file final34.txt (compact mmCIF, C-alpha atoms)
# COMPACT_ATOMS: atom_id res chain seq x y z
CA MET A 1 110.65 25.78 -42.11
CA ASN A 2 110.64 22.48 -43.98
CA LYS A 3 110.33 22.03 -47.74
CA VAL A 4 106.58 21.23 -47.66
CA SER A 5 105.82 24.34 -45.57
CA ARG A 6 107.82 26.54 -47.95
CA GLN A 7 105.97 25.08 -50.94
CA LYS A 8 102.56 25.68 -49.32
CA LYS A 9 103.54 29.27 -48.54
CA ARG A 10 104.72 29.80 -52.14
CA ASN A 11 101.42 28.39 -53.46
CA ARG A 12 99.42 30.88 -51.34
CA GLN A 13 101.36 33.92 -52.48
CA PRO A 14 99.89 34.11 -56.02
CA ALA A 15 96.38 33.69 -54.57
CA ALA A 16 96.98 36.56 -52.15
CA ILE A 17 98.32 38.76 -54.96
CA LYS A 18 95.33 37.92 -57.18
CA ALA A 19 92.96 38.75 -54.30
CA ALA A 20 94.70 42.09 -53.87
CA ILE A 21 94.39 42.82 -57.61
CA ALA A 22 90.71 41.89 -57.50
CA ASN A 23 90.32 44.42 -54.66
CA GLY A 24 91.84 47.26 -56.65
CA MET A 25 95.60 46.86 -56.28
CA ARG A 26 97.60 47.59 -59.40
CA ALA A 27 100.26 44.96 -60.00
CA TRP A 28 103.69 46.48 -60.41
CA TYR A 29 106.93 44.53 -60.24
CA THR A 30 110.34 46.11 -60.45
CA LYS A 31 113.61 44.25 -60.87
CA PHE A 32 116.72 46.22 -60.05
CA SER A 33 120.09 45.21 -61.43
CA ALA A 34 120.63 43.57 -64.77
CA THR A 35 121.64 40.23 -63.34
CA LEU A 36 119.13 37.52 -62.53
CA HIS A 37 120.61 35.23 -59.92
CA ASP A 38 117.38 33.32 -59.28
CA VAL A 39 114.78 32.95 -62.04
CA ARG A 40 112.23 30.91 -60.05
CA TRP A 41 110.05 33.97 -59.35
CA LEU A 42 109.65 34.90 -63.04
CA LYS A 43 107.01 32.23 -63.78
CA THR A 44 104.86 33.39 -60.86
CA ILE A 45 105.00 37.01 -62.03
CA GLU A 46 104.16 35.98 -65.58
CA ASP A 47 101.19 33.90 -64.35
CA ILE A 48 99.85 36.84 -62.34
CA TYR A 49 100.07 39.22 -65.29
CA VAL A 50 98.44 36.69 -67.64
CA TRP A 51 95.64 36.08 -65.11
CA SER A 52 95.16 39.82 -64.66
CA GLU A 53 94.90 40.44 -68.41
CA LYS A 54 92.53 37.51 -68.91
CA ASN A 55 90.23 38.81 -66.15
CA GLN A 56 90.56 42.50 -66.92
CA GLN A 57 86.89 42.88 -67.85
CA HIS A 58 85.96 41.82 -64.30
CA LEU A 59 88.59 43.95 -62.59
CA THR A 60 87.93 47.43 -63.93
CA HIS A 61 85.11 49.93 -63.62
CA GLU A 62 83.53 48.11 -60.72
CA ALA A 63 82.41 49.59 -57.43
CA PRO A 64 83.82 47.98 -54.28
CA LEU A 65 81.44 45.66 -52.44
CA ALA A 66 82.91 46.43 -49.03
CA ARG A 67 80.52 47.73 -46.38
CA VAL A 68 83.23 47.91 -43.72
CA ALA A 69 85.94 50.56 -43.54
CA ILE A 70 89.05 50.80 -41.40
CA VAL A 71 89.89 54.43 -40.68
CA PHE A 72 93.54 55.42 -40.70
CA SER A 73 94.06 58.55 -38.61
CA GLN A 74 96.98 60.60 -39.85
CA GLN A 75 96.32 63.10 -37.06
CA THR A 76 96.69 60.43 -34.38
CA ALA A 77 100.01 59.39 -35.96
CA TRP A 78 101.16 63.04 -35.96
CA PHE A 79 100.13 63.76 -32.37
CA TYR A 80 101.37 60.45 -30.91
CA PRO A 81 104.43 59.46 -33.00
CA ALA A 82 105.89 57.18 -30.31
CA ALA A 83 102.66 55.18 -30.07
CA ARG A 84 103.18 53.40 -33.43
CA THR A 85 99.50 53.92 -34.17
CA GLU A 86 99.78 52.13 -37.51
CA ASP A 87 100.22 48.84 -35.62
CA TYR A 88 96.55 48.95 -34.59
CA ALA A 89 95.38 49.61 -38.14
CA LEU A 90 97.61 46.83 -39.46
CA GLY A 91 96.22 44.46 -36.83
CA TRP A 92 92.67 45.15 -37.99
CA TYR A 93 93.82 44.89 -41.61
CA GLN A 94 95.26 41.43 -40.94
CA ALA A 95 92.13 40.33 -39.05
CA MET A 96 89.87 41.40 -41.92
CA ILE A 97 92.05 39.66 -44.51
CA GLU A 98 92.14 36.42 -42.52
CA SER A 99 88.38 36.60 -41.94
CA ARG A 100 87.80 37.25 -45.65
CA ILE A 101 85.66 40.29 -44.88
CA PRO A 102 85.67 42.81 -47.74
CA PHE A 103 86.80 46.22 -46.48
CA GLU A 104 88.28 49.51 -47.57
CA MET A 105 90.84 51.75 -45.90
CA VAL A 106 89.62 55.32 -45.35
CA HIS A 107 91.91 58.22 -44.49
CA ASP A 108 90.77 60.49 -41.66
CA ARG A 109 90.75 63.47 -44.05
CA LEU A 110 88.04 61.72 -46.11
CA LEU A 111 85.40 61.29 -43.41
CA ASP A 112 82.61 63.06 -45.27
CA VAL A 113 79.21 61.89 -46.47
CA GLU A 114 80.42 61.17 -50.00
CA HIS A 115 83.26 58.88 -48.91
CA LEU A 116 81.40 57.18 -46.04
CA ALA A 117 78.09 56.54 -47.84
CA PRO A 118 78.95 52.97 -48.98
CA PHE A 119 79.85 51.78 -45.47
CA LYS A 120 77.69 50.39 -42.69
CA THR A 121 80.56 49.89 -40.24
CA LEU A 122 83.60 52.03 -39.46
CA ILE A 123 86.48 50.58 -37.47
CA LEU A 124 88.46 53.20 -35.56
CA PRO A 125 91.62 51.35 -34.45
CA ASN A 126 92.92 53.17 -31.35
CA ILE A 127 92.17 56.57 -32.86
CA ALA A 128 92.75 59.45 -30.46
CA ALA A 129 92.46 62.40 -32.85
CA LEU A 130 90.33 63.07 -35.91
call {"tool": "encode", "arguments": {"input": "final34.txt", "output": "structure tokens"}}
result
Amino acid sequence: MNKVSRQKKRNRQPAAIKAAIANGMRAWYTKFSATLHDVRWLKTIEDIYVWSEKNQQHLTHEAPLARVAIVFSQQTAWFYPAARTEDYALGWYQAMIESRIPFEMVHDRLLDVEHLAPFKTLILPNIAAL
């Protein structure tokens, strides 16, 4: 990877983190060890926390806009452990992110009227057991 490609990738990372925060992720960074060998990442982390605080009024107490849900089936993972069933869910996850389609992940134990009411579409990625 050349220097320009690395720089473009680095510039996208804060945007991806901000998008995740805007979709409900809680930013949490942990640094192990008392020695900082490379301080280049500190400015990015600071910028993300400053952005998050500045936009806090828009990031809390809001209902998700997603009308699409990807169902993760824990039962399928239990019954077919060798199948690596999470790969299918992660593939859909990546496709939705790249398509910029708002979505939520729903666990198979939460497939009731209350949890499914906001959604118009459910994606069942290679689910064999519910």
call {"tool": "atom_distance", "arguments": {"input": "final34.txt", "atom1": "CA of Leu59 in chain A", "atom2": "CA of Met25 in chain A"}}
result
9.9 Å
call {"tool": "residues_near_point", "arguments": {"input": "final34.txt", "point": "(101.5, 38.6, -63.7)", "cutoff": "12 Å", "atoms": "only C-alpha atoms", "output": "PyMOL selection string"}}
result
chain A and resi 14-15+17-18+21+26-29+41-55
call {"tool": "write_last_selection", "arguments": {"input": "final34.txt", "atoms": "C-alpha atoms", "output": "PDB file, in the coordinates of the input"}}
result
ATOM      1  CA  PRO A  14      99.890  34.110 -56.020  1.00  0.00           C
ATOM      2  CA  ALA A  15      96.380  33.690 -54.570  1.00  0.00           C
ATOM      3  CA  ILE A  17      98.320  38.760 -54.960  1.00  0.00           C
ATOM      4  CA  LYS A  18      95.330  37.920 -57.180  1.00  0.00           C
ATOM      5  CA  ILE A  21      94.390  42.820 -57.610  1.00  0.00           C
ATOM      6  CA  ARG A  26      97.600  47.590 -59.400  1.00  0.00           C
ATOM      7  CA  ALA A  27     100.260  44.960 -60.000  1.00  0.00           C
ATOM      8  CA  TRP A  28     103.690  46.480 -60.410  1.00  0.00           C
ATOM      9  CA  TYR A  29     106.930  44.530 -60.240  1.00  0.00           C
ATOM     10  CA  TRP A  41     110.050  33.970 -59.350  1.00  0.00           C
ATOM     11  CA  LEU A  42     109.650  34.900 -63.040  1.00  0.00           C
ATOM     12  CA  LYS A  43     107.010  32.230 -63.780  1.00  0.00           C
ATOM     13  CA  THR A  44     104.860  33.390 -60.860  1.00  0.00           C
ATOM     14  CA  ILE A  45     105.000  37.010 -62.030  1.00  0.00           C
ATOM     15  CA  GLU A  46     104.160  35.980 -65.580  1.00  0.00           C
ATOM     16  CA  ASP A  47     101.190  33.900 -64.350  1.00  0.00           C
ATOM     17  CA  ILE A  48      99.850  36.840 -62.340  1.00  0.00           C
ATOM     18  CA  TYR A  49     100.070  39.220 -65.290  1.00  0.00           C
ATOM     19  CA  VAL A  50      98.440  36.690 -67.640  1.00  0.00           C
ATOM     20  CA  TRP A  51      95.640  36.080 -65.110  1.00  0.00           C
ATOM     21  CA  SER A  52      95.160  39.820 -64.660  1.00  0.00           C
ATOM     22  CA  GLU A  53      94.900  40.440 -68.410  1.00  0.00           C
ATOM     23  CA  LYS A  54      92.530  37.510 -68.910  1.00  0.00           C
ATOM     24  CA  ASN A  55      90.230  38.810 -66.150  1.00  0.00           C
TER      25      ASN A  55
END
call {"tool": "closest_residue", "arguments": {"input": "final34.txt", "among": "A:Arg100, A:Lys31, A:Arg67, A:Arg84", "to": "Pro118 in chain A", "atoms": "all atoms listed in the file"}}
result
A:Arg67
call {"tool": "atom_distance", "arguments": {"input": "final34.txt", "atom1": "CA of Ile70 in chain A", "atom2": "CA of His107 in chain A"}}
result
8.5 Å
call {"tool": "closest_residue", "arguments": {"input": "final34.txt", "among": "A:Met105, A:Val68, A:Ala82, A:Leu36", "to": "Gly24 in chain A", "atoms": "only C-alpha atoms"}}
result
A:Met105
call {"tool": "atom_distance", "arguments": {"input": "final34.txt", "atom1": "CA of Leu122 in chain A", "atom2": "CA of Ala69 in chain A"}}
result
4.9 Å
call {"tool": "closest_residue", "arguments": {"input": "final34.txt", "among": "A:Asn126, A:Thr121, A:Thr35, A:Thr30", "to": "Thr76 in chain A", "atoms": "only C-alpha atoms"}}
result
A:Asn126
call {"tool": "closest_residue", "arguments": {"input": "final34.txt", "among": "A:Tyr93, A:Phe103, A:Leu111, A:Ser73", "to": "Leu124 in chain A", "atoms": "all atoms listed in the file"}}
result
A:Ser73
call {"tool": "residues_near_point", "arguments": {"input": "final34.txt", "point": "(93.4, 57.6, -32.0)", "cutoff": "12 Å", "atoms": "all atoms listed in the file", "output": "list in words"}}
result
Val71, Phe72, Ser73, Gln74, Gln75, Thr76, Ala77, Trp78, Phe79, Tyr80, Pro81, Ala83, Arg84, Thr85, Glu86, Asp87, Tyr88, Ala89, Asp108, Ile123, Leu124, Pro125, Asn126, Ile127, Ala128, Ala129 and Leu130 of chain A
call {"tool": "write_last_selection", "arguments": {"input": "final34.txt", "atoms": "C-alpha atoms", "output": "PDB file, keeping the file's coordinate frame"}}
result
ATOM      1  CA  VAL A  71      89.890  54.430 -40.680  1.00  0.00           C
ATOM      2  CA  PHE A  72      93.540  55.420 -40.700  1.00  0.00           C
ATOM      3  CA  SER A  73      94.060  58.550 -38.610  1.00  0.00           C
ATOM      4  CA  GLN A  74      96.980  60.600 -39.850  1.00  0.00           C
ATOM      5  CA  GLN A  75      96.320  63.100 -37.060  1.00  0.00           C
ATOM      6  CA  THR A  76      96.690  60.430 -34.380  1.00  0.00           C
ATOM      7  CA  ALA A  77     100.010  59.390 -35.960  1.00  0.00           C
ATOM      8  CA  TRP A  78     101.160  63.040 -35.960  1.00  0.00           C
ATOM      9  CA  PHE A  79     100.130  63.760 -32.370  1.00  0.00           C
ATOM     10  CA  TYR A  80     101.370  60.450 -30.910  1.00  0.00           C
ATOM     11  CA  PRO A  81     104.430  59.460 -33.000  1.00  0.00           C
ATOM     12  CA  ALA A  83     102.660  55.180 -30.070  1.00  0.00           C
ATOM     13  CA  ARG A  84     103.180  53.400 -33.430  1.00  0.00           C
ATOM     14  CA  THR A  85      99.500  53.920 -34.170  1.00  0.00           C
ATOM     15  CA  GLU A  86      99.780  52.130 -37.510  1.00  0.00           C
ATOM     16  CA  ASP A  87     100.220  48.840 -35.620  1.00  0.00           C
ATOM     17  CA  TYR A  88      96.550  48.950 -34.590  1.00  0.00           C
ATOM     18  CA  ALA A  89      95.380  49.610 -38.140  1.00  0.00           C
ATOM     19  CA  ASP A 108      90.770  60.490 -41.660  1.00  0.00           C
ATOM     20  CA  ILE A 123      86.480  50.580 -37.470  1.00  0.00           C
ATOM     21  CA  LEU A 124      88.460  53.200 -35.560  1.00  0.00           C
ATOM     22  CA  PRO A 125      91.620  51.350 -34.450  1.00  0.00           C
ATOM     23  CA  ASN A 126      92.920  53.170 -31.350  1.00  0.00           C
ATOM     24  CA  ILE A 127      92.170  56.570 -32.860  1.00  0.00           C
ATOM     25  CA  ALA A 128      92.750  59.450 -30.460  1.00  0.00           C
ATOM     26  CA  ALA A 129      92.460  62.400 -32.850  1.00  0.00           C
ATOM     27  CA  LEU A 130      90.330  63.070 -35.910  1.00  0.00           C
TER      28      LEU A 130
END
call {"tool": "axis_aligned_box", "arguments": {"input": "final34.txt", "around": "range 24-30 of chain A", "padding_each_side": "5 Å", "output": "AutoDock Vina command-line options"}}
result
--center_x 101.1 --center_y 46.1 --center_z -58.4 --size_x 28.5 --size_y 13.1 --size_z 14.2
call {"tool": "closest_residue", "arguments": {"input": "final34.txt", "among": "A:Val39, A:Thr60, A:Gln94, A:Phe119", "to": "Val106 in chain A", "atoms": "all atoms listed in the file"}}
result
A:Phe119
call {"tool": "decode", "arguments": {"input": "final34.txt", "residues": "range 41-57 of chain A", "atoms": "all heavy atoms", "output": "PDB file, in the first residue's frame"}}
result
ATOM      1  N   TRP A  41      -2.010   8.511  16.778  1.00  0.00           N
ATOM      2  CA  TRP A  41      -3.414   8.188  16.905  1.00  0.00           C
ATOM      3  C   TRP A  41      -4.133   9.059  17.939  1.00  0.00           C
ATOM      4  O   TRP A  41      -5.360   9.144  17.925  1.00  0.00           O
ATOM      5  CB  TRP A  41      -3.588   6.714  17.264  1.00  0.00           C
ATOM      6  CG  TRP A  41      -2.956   6.315  18.561  1.00  0.00           C
ATOM      7  CD1 TRP A  41      -1.649   5.975  18.761  1.00  0.00           C
ATOM      8  CD2 TRP A  41      -3.586   6.226  19.827  1.00  0.00           C
ATOM      9  NE1 TRP A  41      -1.414   5.682  20.075  1.00  0.00           N
ATOM     10  CE2 TRP A  41      -2.598   5.824  20.765  1.00  0.00           C
ATOM     11  CE3 TRP A  41      -4.870   6.445  20.279  1.00  0.00           C
ATOM     12  CZ2 TRP A  41      -2.875   5.634  22.104  1.00  0.00           C
ATOM     13  CZ3 TRP A  41      -5.143   6.257  21.624  1.00  0.00           C
ATOM     14  CH2 TRP A  41      -4.156   5.855  22.524  1.00  0.00           C
ATOM     15  N   LEU A  42      -3.405   9.723  18.819  1.00  0.00           N
ATOM     16  CA  LEU A  42      -4.031  10.501  19.887  1.00  0.00           C
ATOM     17  C   LEU A  42      -4.886  11.654  19.358  1.00  0.00           C
ATOM     18  O   LEU A  42      -5.967  11.926  19.883  1.00  0.00           O
ATOM     19  CB  LEU A  42      -2.963  11.039  20.843  1.00  0.00           C
ATOM     20  CG  LEU A  42      -2.223   9.982  21.661  1.00  0.00           C
ATOM     21  CD1 LEU A  42      -1.109  10.633  22.466  1.00  0.00           C
ATOM     22  CD2 LEU A  42      -3.185   9.226  22.552  1.00  0.00           C
ATOM     23  N   LYS A  43      -4.437  12.342  18.326  1.00  0.00           N
ATOM     24  CA  LYS A  43      -5.190  13.471  17.768  1.00  0.00           C
ATOM     25  C   LYS A  43      -6.523  12.998  17.183  1.00  0.00           C
ATOM     26  O   LYS A  43      -7.555  13.652  17.364  1.00  0.00           O
ATOM     27  CB  LYS A  43      -4.344  14.185  16.697  1.00  0.00           C
ATOM     28  CG  LYS A  43      -5.059  15.340  16.021  1.00  0.00           C
ATOM     29  CD  LYS A  43      -5.247  16.510  16.960  1.00  0.00           C
ATOM     30  CE  LYS A  43      -5.795  17.686  16.192  1.00  0.00           C
ATOM     31  NZ  LYS A  43      -6.887  18.346  16.854  1.00  0.00           N
ATOM     32  N   THR A  44      -6.521  11.865  16.514  1.00  0.00           N
ATOM     33  CA  THR A  44      -7.753  11.319  15.953  1.00  0.00           C
ATOM     34  C   THR A  44      -8.754  10.994  17.056  1.00  0.00           C
ATOM     35  O   THR A  44      -9.942  11.329  16.953  1.00  0.00           O
ATOM     36  CB  THR A  44      -7.461  10.056  15.123  1.00  0.00           C
ATOM     37  OG1 THR A  44      -6.571  10.405  14.063  1.00  0.00           O
ATOM     38  CG2 THR A  44      -8.732   9.463  14.548  1.00  0.00           C
ATOM     39  N   ILE A  45      -8.294  10.359  18.110  1.00  0.00           N
ATOM     40  CA  ILE A  45      -9.171  10.018  19.235  1.00  0.00           C
ATOM     41  C   ILE A  45      -9.719  11.284  19.879  1.00  0.00           C
ATOM     42  O   ILE A  45     -10.913  11.383  20.172  1.00  0.00           O
ATOM     43  CB  ILE A  45      -8.414   9.164  20.274  1.00  0.00           C
ATOM     44  CG1 ILE A  45      -7.887   7.881  19.655  1.00  0.00           C
ATOM     45  CG2 ILE A  45      -9.283   8.886  21.490  1.00  0.00           C
ATOM     46  CD1 ILE A  45      -8.940   7.022  19.031  1.00  0.00           C
ATOM     47  N   GLU A  46      -8.865  12.267  20.081  1.00  0.00           N
ATOM     48  CA  GLU A  46      -9.317  13.537  20.656  1.00  0.00           C
ATOM     49  C   GLU A  46     -10.381  14.177  19.770  1.00  0.00           C
ATOM     50  O   GLU A  46     -11.419  14.633  20.269  1.00  0.00           O
ATOM     51  CB  GLU A  46      -8.135  14.493  20.817  1.00  0.00           C
ATOM     52  CG  GLU A  46      -8.536  15.834  21.388  1.00  0.00           C
ATOM     53  CD  GLU A  46      -7.373  16.820  21.446  1.00  0.00           C
ATOM     54  OE1 GLU A  46      -6.243  16.461  21.077  1.00  0.00           O
ATOM     55  OE2 GLU A  46      -7.626  17.958  21.862  1.00  0.00           O
ATOM     56  N   ASP A  47     -10.153  14.213  18.466  1.00  0.00           N
ATOM     57  CA  ASP A  47     -11.115  14.804  17.526  1.00  0.00           C
ATOM     58  C   ASP A  47     -12.464  14.100  17.588  1.00  0.00           C
ATOM     59  O   ASP A  47     -13.518  14.737  17.548  1.00  0.00           O
ATOM     60  CB  ASP A  47     -10.582  14.757  16.093  1.00  0.00           C
ATOM     61  CG  ASP A  47      -9.396  15.679  15.874  1.00  0.00           C
ATOM     62  OD1 ASP A  47      -9.133  16.541  16.748  1.00  0.00           O
ATOM     63  OD2 ASP A  47      -8.722  15.519  14.837  1.00  0.00           O
ATOM     64  N   ILE A  48     -12.448  12.773  17.710  1.00  0.00           N
ATOM     65  CA  ILE A  48     -13.700  12.014  17.770  1.00  0.00           C
ATOM     66  C   ILE A  48     -14.464  12.338  19.048  1.00  0.00           C
ATOM     67  O   ILE A  48     -15.677  12.554  19.024  1.00  0.00           O
ATOM     68  CB  ILE A  48     -13.409  10.505  17.643  1.00  0.00           C
ATOM     69  CG1 ILE A  48     -12.982  10.208  16.202  1.00  0.00           C
ATOM     70  CG2 ILE A  48     -14.615   9.670  18.045  1.00  0.00           C
ATOM     71  CD1 ILE A  48     -12.389   8.849  16.001  1.00  0.00           C
ATOM     72  N   TYR A  49     -13.754  12.401  20.170  1.00  0.00           N
ATOM     73  CA  TYR A  49     -14.425  12.736  21.426  1.00  0.00           C
ATOM     74  C   TYR A  49     -14.948  14.175  21.423  1.00  0.00           C
ATOM     75  O   TYR A  49     -16.048  14.440  21.916  1.00  0.00           O
ATOM     76  CB  TYR A  49     -13.499  12.516  22.625  1.00  0.00           C
ATOM     77  CG  TYR A  49     -13.504  11.084  23.102  1.00  0.00           C
ATOM     78  CD1 TYR A  49     -12.393  10.283  22.953  1.00  0.00           C
ATOM     79  CD2 TYR A  49     -14.631  10.544  23.696  1.00  0.00           C
ATOM     80  CE1 TYR A  49     -12.392   8.968  23.394  1.00  0.00           C
ATOM     81  CE2 TYR A  49     -14.649   9.239  24.136  1.00  0.00           C
ATOM     82  CZ  TYR A  49     -13.528   8.455  23.981  1.00  0.00           C
ATOM     83  OH  TYR A  49     -13.542   7.161  24.418  1.00  0.00           O
ATOM     84  N   VAL A  50     -14.212  15.106  20.876  1.00  0.00           N
ATOM     85  CA  VAL A  50     -14.670  16.498  20.789  1.00  0.00           C
ATOM     86  C   VAL A  50     -15.908  16.576  19.896  1.00  0.00           C
ATOM     87  O   VAL A  50     -16.894  17.223  20.239  1.00  0.00           O
ATOM     88  CB  VAL A  50     -13.530  17.420  20.272  1.00  0.00           C
ATOM     89  CG1 VAL A  50     -14.061  18.785  19.879  1.00  0.00           C
ATOM     90  CG2 VAL A  50     -12.442  17.547  21.322  1.00  0.00           C
ATOM     91  N   TRP A  51     -15.871  15.898  18.738  1.00  0.00           N
ATOM     92  CA  TRP A  51     -17.026  15.881  17.831  1.00  0.00           C
ATOM     93  C   TRP A  51     -18.241  15.281  18.526  1.00  0.00           C
ATOM     94  O   TRP A  51     -19.354  15.806  18.430  1.00  0.00           O
ATOM     95  CB  TRP A  51     -16.687  15.080  16.572  1.00  0.00           C
ATOM     96  CG  TRP A  51     -17.851  14.899  15.663  1.00  0.00           C
ATOM     97  CD1 TRP A  51     -18.269  15.745  14.688  1.00  0.00           C
ATOM     98  CD2 TRP A  51     -18.776  13.809  15.669  1.00  0.00           C
ATOM     99  NE1 TRP A  51     -19.399  15.249  14.075  1.00  0.00           N
ATOM    100  CE2 TRP A  51     -19.722  14.056  14.667  1.00  0.00           C
ATOM    101  CE3 TRP A  51     -18.896  12.652  16.421  1.00  0.00           C
ATOM    102  CZ2 TRP A  51     -20.772  13.191  14.390  1.00  0.00           C
ATOM    103  CZ3 TRP A  51     -19.941  11.783  16.154  1.00  0.00           C
ATOM    104  CH2 TRP A  51     -20.857  12.064  15.151  1.00  0.00           C
ATOM    105  N   SER A  52     -18.027  14.170  19.236  1.00  0.00           N
ATOM    106  CA  SER A  52     -19.118  13.502  19.928  1.00  0.00           C
ATOM    107  C   SER A  52     -19.753  14.414  20.982  1.00  0.00           C
ATOM    108  O   SER A  52     -20.978  14.511  21.078  1.00  0.00           O
ATOM    109  CB  SER A  52     -18.600  12.222  20.578  1.00  0.00           C
ATOM    110  OG  SER A  52     -19.624  11.553  21.235  1.00  0.00           O
ATOM    111  N   GLU A  53     -18.940  15.098  21.748  1.00  0.00           N
ATOM    112  CA  GLU A  53     -19.465  16.010  22.776  1.00  0.00           C
ATOM    113  C   GLU A  53     -20.213  17.185  22.142  1.00  0.00           C
ATOM    114  O   GLU A  53     -21.280  17.578  22.601  1.00  0.00           O
ATOM    115  CB  GLU A  53     -18.318  16.515  23.659  1.00  0.00           C
ATOM    116  CG  GLU A  53     -18.755  17.486  24.725  1.00  0.00           C
ATOM    117  CD  GLU A  53     -19.717  16.866  25.724  1.00  0.00           C
ATOM    118  OE1 GLU A  53     -19.660  15.655  25.961  1.00  0.00           O
ATOM    119  OE2 GLU A  53     -20.553  17.620  26.270  1.00  0.00           O
ATOM    120  N   LYS A  54     -19.651  17.732  21.070  1.00  0.00           N
ATOM    121  CA  LYS A  54     -20.279  18.874  20.401  1.00  0.00           C
ATOM    122  C   LYS A  54     -21.637  18.500  19.796  1.00  0.00           C
ATOM    123  O   LYS A  54     -22.547  19.320  19.743  1.00  0.00           O
ATOM    124  CB  LYS A  54     -19.343  19.388  19.309  1.00  0.00           C
ATOM    125  CG  LYS A  54     -19.812  20.701  18.683  1.00  0.00           C
ATOM    126  CD  LYS A  54     -18.733  21.371  17.857  1.00  0.00           C
ATOM    127  CE  LYS A  54     -18.455  20.601  16.603  1.00  0.00           C
ATOM    128  NZ  LYS A  54     -17.614  21.320  15.643  1.00  0.00           N
ATOM    129  N   ASN A  55     -21.794  17.251  19.387  1.00  0.00           N
ATOM    130  CA  ASN A  55     -23.025  16.803  18.742  1.00  0.00           C
ATOM    131  C   ASN A  55     -23.907  15.953  19.651  1.00  0.00           C
ATOM    132  O   ASN A  55     -24.841  15.309  19.175  1.00  0.00           O
ATOM    133  CB  ASN A  55     -22.676  16.018  17.477  1.00  0.00           C
ATOM    134  CG  ASN A  55     -22.103  16.921  16.424  1.00  0.00           C
ATOM    135  OD1 ASN A  55     -22.815  17.681  15.792  1.00  0.00           O
ATOM    136  ND2 ASN A  55     -20.785  16.860  16.251  1.00  0.00           N
ATOM    137  N   GLN A  56     -23.622  15.959  20.924  1.00  0.00           N
ATOM    138  CA  GLN A  56     -24.328  15.104  21.866  1.00  0.00           C
ATOM    139  C   GLN A  56     -25.845  15.295  21.829  1.00  0.00           C
ATOM    140  O   GLN A  56     -26.595  14.331  21.935  1.00  0.00           O
ATOM    141  CB  GLN A  56     -23.805  15.353  23.289  1.00  0.00           C
ATOM    142  CG  GLN A  56     -24.176  14.272  24.262  1.00  0.00           C
ATOM    143  CD  GLN A  56     -23.598  12.927  23.898  1.00  0.00           C
ATOM    144  OE1 GLN A  56     -22.500  12.823  23.408  1.00  0.00           O
ATOM    145  NE2 GLN A  56     -24.352  11.888  24.131  1.00  0.00           N
ATOM    146  N   GLN A  57     -26.303  16.511  21.655  1.00  0.00           N
ATOM    147  CA  GLN A  57     -27.750  16.757  21.633  1.00  0.00           C
ATOM    148  C   GLN A  57     -28.436  16.031  20.482  1.00  0.00           C
ATOM    149  O   GLN A  57     -29.619  15.715  20.556  1.00  0.00           O
ATOM    150  CB  GLN A  57     -28.033  18.254  21.539  1.00  0.00           C
ATOM    151  CG  GLN A  57     -27.585  18.884  20.228  1.00  0.00           C
ATOM    152  CD  GLN A  57     -27.895  20.365  20.183  1.00  0.00           C
ATOM    153  OE1 GLN A  57     -28.618  20.870  21.022  1.00  0.00           O
ATOM    154  NE2 GLN A  57     -27.346  21.048  19.201  1.00  0.00           N
TER     155      GLN A  57
END
